[in-house]
$ cat model-v2.txt   # compact mmCIF, N, CA and C atoms
# COMPACT_ATOMS: atom_id res chain seq x y z
N MET A 202 141.39 26.13 48.66
CA MET A 202 141.46 27.44 48.02
C MET A 202 140.10 28.13 48.15
N ILE A 203 140.12 29.40 48.54
CA ILE A 203 138.89 30.17 48.68
C ILE A 203 138.48 30.71 47.32
N GLU A 204 137.23 30.45 46.95
CA GLU A 204 136.74 30.96 45.66
C GLU A 204 136.43 32.44 45.77
N ARG A 205 136.88 33.18 44.80
CA ARG A 205 136.67 34.62 44.77
C ARG A 205 135.42 34.90 43.96
N GLY A 206 134.54 35.73 44.48
CA GLY A 206 133.31 36.07 43.76
C GLY A 206 133.55 37.12 42.69
N ILE A 207 132.53 37.36 41.93
CA ILE A 207 132.58 38.39 40.89
C ILE A 207 132.72 39.75 41.57
N LYS A 208 133.54 40.59 40.95
CA LYS A 208 133.69 41.96 41.43
C LYS A 208 133.21 42.93 40.36
N TYR A 209 132.95 44.14 40.80
CA TYR A 209 132.40 45.19 39.95
C TYR A 209 133.31 46.41 40.05
N TRP A 210 133.73 46.92 38.90
CA TRP A 210 134.73 47.98 38.85
C TRP A 210 134.21 49.18 38.07
N VAL A 211 134.75 50.34 38.39
CA VAL A 211 134.51 51.56 37.63
C VAL A 211 135.86 52.08 37.15
N ILE A 212 135.94 52.34 35.85
CA ILE A 212 137.10 52.99 35.25
C ILE A 212 136.65 54.37 34.78
N VAL A 213 137.44 55.38 35.12
CA VAL A 213 137.13 56.76 34.73
C VAL A 213 137.99 57.14 33.54
N ALA A 214 137.32 57.60 32.48
CA ALA A 214 138.03 58.03 31.27
C ALA A 214 137.11 58.96 30.47
N SER A 215 137.70 59.83 29.69
CA SER A 215 136.89 60.72 28.86
C SER A 215 136.08 59.89 27.86
N LYS A 216 134.94 60.43 27.46
CA LYS A 216 134.04 59.70 26.57
C LYS A 216 134.72 59.32 25.25
N ASP A 217 135.55 60.20 24.72
CA ASP A 217 136.22 59.88 23.46
C ASP A 217 137.15 58.68 23.63
N HIS A 218 137.83 58.58 24.77
CA HIS A 218 138.70 57.44 25.02
C HIS A 218 137.90 56.16 25.26
N VAL A 219 136.78 56.28 25.96
CA VAL A 219 135.94 55.10 26.20
C VAL A 219 135.42 54.54 24.88
N LYS A 220 134.94 55.41 24.01
CA LYS A 220 134.39 54.96 22.72
C LYS A 220 135.49 54.30 21.88
N ALA A 221 136.72 54.81 21.94
CA ALA A 221 137.83 54.16 21.23
C ALA A 221 138.11 52.79 21.83
N GLY A 222 138.00 52.67 23.16
CA GLY A 222 138.19 51.38 23.82
C GLY A 222 137.13 50.36 23.43
N ILE A 223 135.89 50.82 23.27
CA ILE A 223 134.82 49.93 22.83
C ILE A 223 135.14 49.39 21.44
N THR A 224 135.56 50.26 20.56
CA THR A 224 135.90 49.86 19.19
C THR A 224 137.02 48.82 19.19
N ALA A 225 138.01 49.01 20.07
CA ALA A 225 139.15 48.08 20.14
C ALA A 225 138.87 46.87 21.02
N GLY A 226 137.80 46.91 21.82
CA GLY A 226 137.48 45.80 22.71
C GLY A 226 138.40 45.72 23.91
N ILE A 227 138.89 46.89 24.37
CA ILE A 227 139.87 46.89 25.46
C ILE A 227 139.53 47.95 26.52
N ALA A 228 140.18 47.78 27.68
CA ALA A 228 140.15 48.78 28.73
C ALA A 228 141.57 49.18 29.07
N GLN A 229 141.75 50.45 29.31
CA GLN A 229 142.97 51.00 29.90
C GLN A 229 142.51 51.79 31.11
N ALA A 230 143.37 51.95 32.09
CA ALA A 230 142.99 52.69 33.29
C ALA A 230 144.16 53.51 33.81
N CYS A 231 143.83 54.63 34.40
CA CYS A 231 144.84 55.45 35.09
C CYS A 231 146.06 55.73 34.21
N HIS A 232 145.81 56.22 33.01
CA HIS A 232 146.86 56.59 32.06
C HIS A 232 147.78 55.41 31.71
N GLY A 233 147.18 54.24 31.59
CA GLY A 233 147.92 53.07 31.13
C GLY A 233 148.62 52.25 32.20
N LYS A 234 148.36 52.54 33.47
CA LYS A 234 149.01 51.78 34.55
C LYS A 234 148.53 50.33 34.58
N VAL A 235 149.43 49.43 34.94
CA VAL A 235 149.11 48.00 34.96
C VAL A 235 148.40 47.58 36.25
N ALA A 236 148.74 48.18 37.38
CA ALA A 236 148.25 47.73 38.69
C ALA A 236 146.72 47.66 38.78
N PRO A 237 145.98 48.70 38.36
CA PRO A 237 144.52 48.58 38.47
C PRO A 237 143.97 47.42 37.65
N LEU A 238 144.47 47.25 36.45
CA LEU A 238 143.96 46.21 35.57
C LEU A 238 144.24 44.81 36.12
N LYS A 239 145.35 44.65 36.84
CA LYS A 239 145.68 43.34 37.42
C LYS A 239 144.73 42.96 38.55
N ARG A 240 144.00 43.92 39.10
CA ARG A 240 143.03 43.62 40.16
C ARG A 240 141.78 42.93 39.60
N MET A 241 141.53 43.11 38.33
CA MET A 241 140.35 42.52 37.70
C MET A 241 140.62 41.07 37.33
N ARG A 242 139.56 40.27 37.30
CA ARG A 242 139.63 38.87 36.93
C ARG A 242 138.61 38.56 35.85
N LYS A 243 138.84 37.49 35.13
CA LYS A 243 137.88 37.03 34.12
C LYS A 243 136.51 36.89 34.78
N GLY A 244 135.48 37.44 34.12
CA GLY A 244 134.12 37.36 34.64
C GLY A 244 133.70 38.54 35.48
N ASP A 245 134.65 39.40 35.88
CA ASP A 245 134.30 40.62 36.58
C ASP A 245 133.59 41.57 35.61
N PHE A 246 132.81 42.47 36.15
CA PHE A 246 132.12 43.46 35.34
C PHE A 246 132.75 44.82 35.54
N VAL A 247 132.71 45.62 34.47
CA VAL A 247 133.32 46.94 34.54
C VAL A 247 132.38 47.97 33.91
N LEU A 248 132.24 49.10 34.61
CA LEU A 248 131.52 50.26 34.11
C LEU A 248 132.53 51.34 33.81
N PHE A 249 132.27 52.13 32.80
CA PHE A 249 133.13 53.26 32.47
C PHE A 249 132.36 54.54 32.72
N TYR A 250 132.97 55.44 33.48
CA TYR A 250 132.37 56.73 33.78
C TYR A 250 133.19 57.82 33.10
N SER A 251 132.50 58.73 32.43
CA SER A 251 133.17 59.83 31.74
C SER A 251 132.71 61.16 32.32
N GLY A 252 133.61 61.82 33.02
CA GLY A 252 133.31 63.15 33.54
C GLY A 252 133.39 64.20 32.44
N LYS A 253 134.21 63.92 31.43
CA LYS A 253 134.43 64.84 30.31
C LYS A 253 134.11 64.17 28.99
N GLN A 254 133.73 64.98 28.01
CA GLN A 254 133.51 64.47 26.65
C GLN A 254 134.85 64.10 26.00
N THR A 255 135.84 65.00 26.18
CA THR A 255 137.13 64.87 25.50
C THR A 255 138.25 65.12 26.50
N MET A 256 139.28 64.27 26.47
CA MET A 256 140.41 64.44 27.39
C MET A 256 141.05 65.82 27.18
N GLY A 257 141.31 66.50 28.29
CA GLY A 257 142.00 67.78 28.24
C GLY A 257 141.13 68.97 27.89
N LYS A 258 139.84 68.75 27.71
CA LYS A 258 138.93 69.85 27.39
C LYS A 258 137.88 69.96 28.49
N PRO A 259 137.31 71.16 28.67
CA PRO A 259 136.40 71.38 29.80
C PRO A 259 134.97 70.88 29.62
N ASP A 260 134.59 70.42 28.44
CA ASP A 260 133.21 70.04 28.19
C ASP A 260 132.79 68.82 29.02
N LYS A 261 131.77 69.02 29.86
CA LYS A 261 131.31 67.98 30.78
C LYS A 261 130.55 66.87 30.05
N CYS A 262 130.62 65.69 30.63
CA CYS A 262 129.83 64.56 30.16
C CYS A 262 128.98 64.04 31.32
N GLN A 263 129.61 63.62 32.41
CA GLN A 263 128.95 63.14 33.63
C GLN A 263 128.01 61.96 33.35
N GLU A 264 128.51 61.00 32.56
CA GLU A 264 127.71 59.82 32.20
C GLU A 264 128.50 58.53 32.37
N PHE A 265 127.77 57.46 32.57
CA PHE A 265 128.34 56.14 32.43
C PHE A 265 128.26 55.83 30.94
N THR A 266 129.41 55.54 30.33
CA THR A 266 129.48 55.50 28.87
C THR A 266 129.81 54.13 28.29
N ALA A 267 130.03 53.13 29.13
CA ALA A 267 130.24 51.76 28.63
C ALA A 267 130.08 50.78 29.78
N ILE A 268 129.77 49.55 29.39
CA ILE A 268 129.62 48.46 30.36
C ILE A 268 130.08 47.18 29.68
N GLY A 269 130.80 46.35 30.43
CA GLY A 269 131.27 45.11 29.84
C GLY A 269 131.76 44.13 30.88
N GLU A 270 132.29 43.03 30.37
CA GLU A 270 132.80 41.94 31.20
C GLU A 270 134.24 41.64 30.81
N VAL A 271 135.07 41.38 31.82
CA VAL A 271 136.48 41.04 31.57
C VAL A 271 136.52 39.66 30.91
N LYS A 272 137.17 39.58 29.75
CA LYS A 272 137.13 38.37 28.92
C LYS A 272 138.10 37.27 29.35
N ASN A 273 139.24 37.64 29.91
CA ASN A 273 140.26 36.63 30.24
C ASN A 273 141.15 37.14 31.36
N GLU A 274 142.20 36.40 31.66
CA GLU A 274 143.10 36.78 32.76
C GLU A 274 144.31 37.58 32.29
N ASP A 275 144.39 37.89 31.01
CA ASP A 275 145.58 38.53 30.45
C ASP A 275 145.57 40.05 30.61
N THR A 276 146.65 40.56 31.17
CA THR A 276 146.94 41.99 31.17
C THR A 276 148.18 42.12 30.30
N TYR A 277 148.14 43.02 29.34
CA TYR A 277 149.26 43.10 28.39
C TYR A 277 149.57 44.54 28.03
N ALA A 278 150.81 44.76 27.60
CA ALA A 278 151.26 46.09 27.16
C ALA A 278 151.01 46.23 25.67
N PHE A 279 150.70 47.47 25.26
CA PHE A 279 150.46 47.76 23.86
C PHE A 279 151.18 49.05 23.49
N GLN A 280 152.10 48.96 22.56
CA GLN A 280 152.89 50.13 22.16
C GLN A 280 152.05 51.03 21.26
N MET A 281 151.54 52.13 21.84
CA MET A 281 150.70 53.05 21.06
C MET A 281 151.54 54.05 20.28
N THR A 282 152.56 54.58 20.94
CA THR A 282 153.48 55.52 20.30
C THR A 282 154.88 55.14 20.79
N PRO A 283 155.92 55.73 20.20
CA PRO A 283 157.28 55.38 20.66
C PRO A 283 157.51 55.61 22.16
N ASP A 284 156.78 56.56 22.76
CA ASP A 284 157.00 56.84 24.19
C ASP A 284 155.79 56.55 25.07
N PHE A 285 154.81 55.78 24.57
CA PHE A 285 153.64 55.44 25.38
C PHE A 285 153.24 54.00 25.12
N CYS A 286 153.37 53.18 26.18
CA CYS A 286 153.08 51.74 26.10
C CYS A 286 152.15 51.36 27.25
N PRO A 287 150.85 51.67 27.12
CA PRO A 287 149.91 51.40 28.21
C PRO A 287 149.58 49.92 28.35
N SER A 288 149.11 49.57 29.55
CA SER A 288 148.61 48.22 29.80
C SER A 288 147.13 48.18 29.43
N ARG A 289 146.69 47.00 29.01
CA ARG A 289 145.31 46.81 28.56
C ARG A 289 144.73 45.50 29.07
N ARG A 290 143.39 45.45 29.08
CA ARG A 290 142.64 44.22 29.32
C ARG A 290 141.59 44.09 28.24
N ASP A 291 141.30 42.87 27.82
CA ASP A 291 140.26 42.62 26.83
C ASP A 291 138.90 42.61 27.53
N ILE A 292 137.96 43.34 26.95
CA ILE A 292 136.62 43.49 27.53
C ILE A 292 135.57 43.12 26.48
N ALA A 293 134.57 42.35 26.89
CA ALA A 293 133.40 42.09 26.05
C ALA A 293 132.37 43.16 26.41
N PHE A 294 132.22 44.14 25.54
CA PHE A 294 131.30 45.24 25.81
C PHE A 294 129.88 44.84 25.46
N PHE A 295 128.92 45.38 26.24
CA PHE A 295 127.51 45.10 26.03
C PHE A 295 126.87 46.26 25.28
N LYS A 296 125.85 45.96 24.49
CA LYS A 296 125.05 47.00 23.86
C LYS A 296 124.38 47.76 25.01
N HIS A 297 124.48 49.08 24.98
CA HIS A 297 123.98 49.88 26.10
C HIS A 297 123.59 51.26 25.62
N ARG A 298 123.04 52.01 26.54
CA ARG A 298 122.85 53.44 26.30
C ARG A 298 123.60 54.19 27.39
N ASP A 299 124.17 55.34 27.03
CA ASP A 299 124.88 56.16 28.01
C ASP A 299 123.85 56.72 28.99
N VAL A 300 124.24 56.79 30.27
CA VAL A 300 123.32 57.20 31.32
C VAL A 300 123.96 58.27 32.19
N SER A 301 123.23 59.36 32.39
CA SER A 301 123.70 60.43 33.28
C SER A 301 123.78 59.91 34.71
N ILE A 302 124.81 60.34 35.42
CA ILE A 302 124.92 59.97 36.84
C ILE A 302 123.99 60.80 37.71
N LEU A 303 123.62 61.98 37.27
CA LEU A 303 122.90 62.93 38.13
C LEU A 303 121.65 62.37 38.78
N PRO A 304 120.75 61.68 38.06
CA PRO A 304 119.56 61.13 38.74
C PRO A 304 119.85 59.90 39.60
N LEU A 305 121.06 59.37 39.54
CA LEU A 305 121.40 58.15 40.29
C LEU A 305 122.14 58.43 41.60
N ILE A 306 122.63 59.63 41.78
CA ILE A 306 123.52 59.95 42.90
C ILE A 306 122.96 59.49 44.25
N ASN A 307 121.70 59.79 44.52
CA ASN A 307 121.14 59.45 45.83
C ASN A 307 120.98 57.96 46.07
N GLU A 308 120.95 57.16 45.01
CA GLU A 308 120.82 55.70 45.14
C GLU A 308 122.15 54.98 45.28
N LEU A 309 123.25 55.64 44.91
CA LEU A 309 124.55 54.97 44.86
C LEU A 309 125.27 55.01 46.21
N GLU A 310 125.57 53.84 46.75
CA GLU A 310 126.21 53.74 48.06
C GLU A 310 127.67 54.15 48.04
N PHE A 311 128.37 54.02 46.90
CA PHE A 311 129.78 54.40 46.87
C PHE A 311 129.96 55.92 46.95
N ILE A 312 128.89 56.66 46.73
CA ILE A 312 128.95 58.12 46.89
C ILE A 312 128.44 58.43 48.30
N ARG A 313 129.37 58.59 49.22
CA ARG A 313 129.01 58.81 50.62
C ARG A 313 128.49 60.23 50.85
N ASP A 314 129.18 61.22 50.32
CA ASP A 314 128.79 62.62 50.47
C ASP A 314 128.10 63.06 49.18
N LYS A 315 126.78 63.14 49.23
CA LYS A 315 126.01 63.44 48.02
C LYS A 315 126.28 64.86 47.51
N GLN A 316 126.75 65.74 48.37
CA GLN A 316 127.09 67.11 47.95
C GLN A 316 128.40 67.14 47.15
N LYS A 317 129.29 66.20 47.46
CA LYS A 317 130.59 66.11 46.77
C LYS A 317 130.66 64.78 46.03
N TRP A 318 129.64 64.52 45.22
CA TRP A 318 129.47 63.23 44.57
C TRP A 318 130.61 62.86 43.63
N GLY A 319 131.34 63.82 43.11
CA GLY A 319 132.40 63.53 42.16
C GLY A 319 133.68 63.01 42.79
N TYR A 320 133.80 63.09 44.10
CA TYR A 320 135.05 62.72 44.77
C TYR A 320 135.55 61.31 44.43
N PRO A 321 134.72 60.27 44.50
CA PRO A 321 135.25 58.91 44.23
C PRO A 321 135.89 58.75 42.85
N PHE A 322 135.45 59.54 41.89
CA PHE A 322 135.94 59.40 40.53
C PHE A 322 137.36 59.94 40.36
N ARG A 323 137.84 60.69 41.32
CA ARG A 323 139.19 61.25 41.24
C ARG A 323 140.26 60.17 41.25
N PHE A 324 139.92 58.98 41.73
CA PHE A 324 140.90 57.89 41.82
C PHE A 324 141.12 57.18 40.49
N GLY A 325 140.18 57.33 39.55
CA GLY A 325 140.36 56.77 38.22
C GLY A 325 139.97 55.31 38.06
N PHE A 326 139.96 54.58 39.16
CA PHE A 326 139.64 53.15 39.13
C PHE A 326 139.26 52.74 40.54
N PHE A 327 138.10 52.10 40.70
CA PHE A 327 137.70 51.66 42.04
C PHE A 327 136.64 50.57 41.94
N GLU A 328 136.51 49.83 43.04
CA GLU A 328 135.53 48.76 43.12
C GLU A 328 134.23 49.30 43.71
N ILE A 329 133.10 48.80 43.21
CA ILE A 329 131.80 49.13 43.78
C ILE A 329 131.10 47.83 44.16
N ASN A 330 130.02 47.96 44.93
CA ASN A 330 129.28 46.77 45.33
C ASN A 330 128.23 46.39 44.28
N GLN A 331 127.64 45.21 44.44
CA GLN A 331 126.68 44.71 43.46
C GLN A 331 125.44 45.60 43.39
N HIS A 332 125.00 46.13 44.52
CA HIS A 332 123.84 47.02 44.51
C HIS A 332 124.06 48.19 43.57
N ASP A 333 125.20 48.86 43.70
CA ASP A 333 125.48 50.02 42.86
C ASP A 333 125.62 49.61 41.39
N PHE A 334 126.28 48.48 41.15
CA PHE A 334 126.38 47.98 39.77
C PHE A 334 124.98 47.74 39.20
N ASP A 335 124.10 47.13 39.98
CA ASP A 335 122.75 46.83 39.51
C ASP A 335 121.97 48.11 39.21
N VAL A 336 122.10 49.13 40.06
CA VAL A 336 121.41 50.41 39.84
C VAL A 336 121.83 51.00 38.49
N ILE A 337 123.13 51.02 38.25
CA ILE A 337 123.66 51.64 37.03
C ILE A 337 123.38 50.77 35.81
N SER A 338 123.69 49.49 35.90
CA SER A 338 123.56 48.60 34.73
C SER A 338 122.11 48.46 34.30
N THR A 339 121.18 48.47 35.23
CA THR A 339 119.76 48.38 34.87
C THR A 339 119.37 49.53 33.95
N LYS A 340 119.84 50.73 34.25
CA LYS A 340 119.55 51.90 33.41
C LYS A 340 120.26 51.80 32.06
N MET A 341 121.50 51.33 32.07
CA MET A 341 122.28 51.28 30.84
C MET A 341 121.79 50.21 29.87
N LEU A 342 121.27 49.12 30.38
CA LEU A 342 120.88 48.00 29.54
C LEU A 342 119.43 48.00 29.13
N GLN A 343 118.68 49.05 29.52
CA GLN A 343 117.27 49.16 29.10
C GLN A 343 117.21 49.40 27.61
N GLU A 344 116.23 48.83 26.99
CA GLU A 344 116.03 49.06 25.53
C GLU A 344 115.40 50.40 25.30
$ encode --input "model-v2.txt" --output "structure tokens"
Amino acid sequence: MIERGIKYWVIVASKDHVKAGITAGIAQACHGKVAPLKRMRKGDFVLFYSGKQTMGKPDKCQEFTAIGEVKNEDTYAFQMTPDFCPSRRDIAFFKHRDVSILPLINELEFIRDKQKWGYPFRFGFFEINQHDFDVISTKMLQE
């Protein structure tokens, strides 16, 4: 059996939703879809990027707003309302500070076109390399 190394993920969500996820110790992605969350494994790291302060409102955030580690292999459904049952993963969140993406753009390899730096975030969930994770996490975990 081939051993799989640690992977690094970015989940895109509004800052208000990210902060609620921190409080609950969970991650949701892509409006509750299960497929992205099933790609993650215990021990993987996840960054949360918030383009907006509040879902559905125009106020910009443009920050990395949470960082954590996937706690286990379980992906599970959670009935939030009678007509919304999103999938979730348990995350061990780290004490951090929110960090603007703007001064990091030129250092990040996943942003190929620096003029259109927001493009990768349109997918809502994606993998990044260790270099990019290190660039972002170093800023977020500074005291």
$ closest_atom_pairs --input "model-v2.txt" --of "segment 215-295 of chain A" --to "segment 310-331 of chain A" --cutoff "7 Å" --atoms "only N, CA and C atoms" --output "CSV"
residue,atom,partner,partner_atom,distance
A:Ala230,CA,A:Gly325,C,6.2
A:Cys231,N,A:Gly325,C,5.4
A:Pro237,CA,A:Phe326,CA,6.7
$ residues_around --input "model-v2.txt" --residues "Leu238 of chain A" --least-positions-apart "4" --cutoff "8 Å" --atoms "only C-alpha atoms" --output "list of chain:residue names"
A:Gln229, A:Ala230, A:Lys234, A:Thr276, A:Ser288, A:Arg289, A:Arg290
$ select_by_dssp --input "model-v2.txt" --residues "chain A" --states "strand (DSSP E or B)" --output "PyMOL selection string"
chain A and resi 209-213+227-228+246-253+261-278+282+285+288-294+300-301+326-329
$ closest_residue --input "model-v2.txt" --among "A:Gly257, A:Gly222, A:Gly269, A:Gly206" --to "Lys296 of chain A" --atoms "only C-alpha atoms"
A:Gly269
$ select_by_dssp --input "model-v2.txt" --residues "chain A" --states "alpha helix (DSSP H)" --output "list in words"
Lys216, Asp217, His218, Val219, Lys220, Ala221, Gly222, Ile223, Thr224, Ala225, Val235, Ala236, Pro237, Leu238, Lys239, Arg240, Gln331, His332, Asp333, Phe334, Asp335, Val336, Ile337, Ser338, Thr339, Lys340 and Met341 of chain A
$ atom_distance --input "model-v2.txt" --atom1 "atom CA of Ile302 of chain A" --atom2 "atom C of Arg205 of chain A"
28.1 Å
$ atom_distance --input "model-v2.txt" --atom1 "atom N of Phe285 of chain A" --atom2 "atom CA of Val211 of chain A"
24.5 Å
$ closest_atom_pairs --input "model-v2.txt" --of "segment 265-318 of chain A" --to "segment 248-254 of chain A" --cutoff "7 Å" --atoms "all atoms listed in the file" --output "tab-separated table"
residue	atom	partner	partner_atom	distance
A:Phe265	CA	A:Tyr250	CA	4.3
A:Thr266	N	A:Phe249	C	3.9
A:Ala267	C	A:Phe249	N	4.0
A:Ile268	CA	A:Leu248	CA	4.6
A:Gly269	N	A:Leu248	N	5.2
$ decode --input "model-v2.txt" --residues "segment 228-252 of chain A" --atoms "N, CA and C atoms" --output "PDB file, in the first residue's frame"
ATOM      1  N   ALA A 228     -15.949  21.961   9.626  1.00  0.00           N
ATOM      2  CA  ALA A 228     -15.830  22.577   8.311  1.00  0.00           C
ATOM      3  C   ALA A 228     -16.981  22.100   7.442  1.00  0.00           C
ATOM      4  N   GLN A 229     -17.500  23.005   6.658  1.00  0.00           N
ATOM      5  CA  GLN A 229     -18.428  22.697   5.578  1.00  0.00           C
ATOM      6  C   GLN A 229     -17.810  23.325   4.342  1.00  0.00           C
ATOM      7  N   ALA A 230     -18.125  22.800   3.172  1.00  0.00           N
ATOM      8  CA  ALA A 230     -17.552  23.349   1.945  1.00  0.00           C
ATOM      9  C   ALA A 230     -18.579  23.308   0.823  1.00  0.00           C
ATOM     10  N   CYS A 231     -18.475  24.279  -0.057  1.00  0.00           N
ATOM     11  CA  CYS A 231     -19.287  24.290  -1.281  1.00  0.00           C
ATOM     12  C   CYS A 231     -20.775  24.087  -0.987  1.00  0.00           C
ATOM     13  N   HIS A 232     -21.301  24.881  -0.082  1.00  0.00           N
ATOM     14  CA  HIS A 232     -22.726  24.849   0.285  1.00  0.00           C
ATOM     15  C   HIS A 232     -23.169  23.475   0.799  1.00  0.00           C
ATOM     16  N   GLY A 233     -22.290  22.838   1.560  1.00  0.00           N
ATOM     17  CA  GLY A 233     -22.652  21.590   2.220  1.00  0.00           C
ATOM     18  C   GLY A 233     -22.415  20.321   1.434  1.00  0.00           C
ATOM     19  N   LYS A 234     -21.747  20.411   0.285  1.00  0.00           N
ATOM     20  CA  LYS A 234     -21.491  19.216  -0.528  1.00  0.00           C
ATOM     21  C   LYS A 234     -20.535  18.259   0.186  1.00  0.00           C
ATOM     22  N   VAL A 235     -20.749  16.966  -0.019  1.00  0.00           N
ATOM     23  CA  VAL A 235     -19.937  15.948   0.643  1.00  0.00           C
ATOM     24  C   VAL A 235     -18.622  15.680  -0.099  1.00  0.00           C
ATOM     25  N   ALA A 236     -18.613  15.755  -1.420  1.00  0.00           N
ATOM     26  CA  ALA A 236     -17.455  15.342  -2.219  1.00  0.00           C
ATOM     27  C   ALA A 236     -16.156  16.057  -1.830  1.00  0.00           C
ATOM     28  N   PRO A 237     -16.143  17.387  -1.676  1.00  0.00           N
ATOM     29  CA  PRO A 237     -14.875  18.025  -1.298  1.00  0.00           C
ATOM     30  C   PRO A 237     -14.360  17.529   0.052  1.00  0.00           C
ATOM     31  N   LEU A 238     -15.243  17.392   1.012  1.00  0.00           N
ATOM     32  CA  LEU A 238     -14.826  16.984   2.352  1.00  0.00           C
ATOM     33  C   LEU A 238     -14.268  15.564   2.364  1.00  0.00           C
ATOM     34  N   LYS A 239     -14.776  14.701   1.483  1.00  0.00           N
ATOM     35  CA  LYS A 239     -14.279  13.317   1.416  1.00  0.00           C
ATOM     36  C   LYS A 239     -12.859  13.240   0.871  1.00  0.00           C
ATOM     37  N   ARG A 240     -12.390  14.294   0.222  1.00  0.00           N
ATOM     38  CA  ARG A 240     -11.014  14.314  -0.291  1.00  0.00           C
ATOM     39  C   ARG A 240      -9.995  14.508   0.837  1.00  0.00           C
ATOM     40  N   MET A 241     -10.438  15.069   1.940  1.00  0.00           N
ATOM     41  CA  MET A 241      -9.545  15.325   3.066  1.00  0.00           C
ATOM     42  C   MET A 241      -9.371  14.062   3.904  1.00  0.00           C
ATOM     43  N   ARG A 242      -8.227  13.959   4.565  1.00  0.00           N
ATOM     44  CA  ARG A 242      -7.918  12.835   5.438  1.00  0.00           C
ATOM     45  C   ARG A 242      -7.467  13.350   6.795  1.00  0.00           C
ATOM     46  N   LYS A 243      -7.568  12.497   7.791  1.00  0.00           N
ATOM     47  CA  LYS A 243      -7.074  12.833   9.124  1.00  0.00           C
ATOM     48  C   LYS A 243      -5.619  13.285   9.014  1.00  0.00           C
ATOM     49  N   GLY A 244      -5.300  14.409   9.663  1.00  0.00           N
ATOM     50  CA  GLY A 244      -3.938  14.930   9.637  1.00  0.00           C
ATOM     51  C   GLY A 244      -3.674  15.943   8.553  1.00  0.00           C
ATOM     52  N   ASP A 245      -4.581  16.073   7.575  1.00  0.00           N
ATOM     53  CA  ASP A 245      -4.446  17.121   6.568  1.00  0.00           C
ATOM     54  C   ASP A 245      -4.682  18.477   7.231  1.00  0.00           C
ATOM     55  N   PHE A 246      -4.152  19.509   6.616  1.00  0.00           N
ATOM     56  CA  PHE A 246      -4.341  20.865   7.120  1.00  0.00           C
ATOM     57  C   PHE A 246      -5.284  21.625   6.202  1.00  0.00           C
ATOM     58  N   VAL A 247      -6.033  22.543   6.806  1.00  0.00           N
ATOM     59  CA  VAL A 247      -7.000  23.308   6.035  1.00  0.00           C
ATOM     60  C   VAL A 247      -6.924  24.780   6.431  1.00  0.00           C
ATOM     61  N   LEU A 248      -6.928  25.631   5.405  1.00  0.00           N
ATOM     62  CA  LEU A 248      -7.012  27.078   5.565  1.00  0.00           C
ATOM     63  C   LEU A 248      -8.383  27.514   5.091  1.00  0.00           C
ATOM     64  N   PHE A 249      -8.924  28.527   5.715  1.00  0.00           N
ATOM     65  CA  PHE A 249     -10.204  29.083   5.293  1.00  0.00           C
ATOM     66  C   PHE A 249      -9.960  30.489   4.773  1.00  0.00           C
ATOM     67  N   TYR A 250     -10.449  30.749   3.568  1.00  0.00           N
ATOM     68  CA  TYR A 250     -10.324  32.070   2.952  1.00  0.00           C
ATOM     69  C   TYR A 250     -11.705  32.695   2.855  1.00  0.00           C
ATOM     70  N   SER A 251     -11.807  33.950   3.267  1.00  0.00           N
ATOM     71  CA  SER A 251     -13.077  34.667   3.217  1.00  0.00           C
ATOM     72  C   SER A 251     -12.948  35.882   2.307  1.00  0.00           C
ATOM     73  N   GLY A 252     -13.611  35.814   1.165  1.00  0.00           N
ATOM     74  CA  GLY A 252     -13.648  36.951   0.262  1.00  0.00           C
ATOM     75  C   GLY A 252     -14.610  38.021   0.756  1.00  0.00           C
TER      76      GLY A 252
END
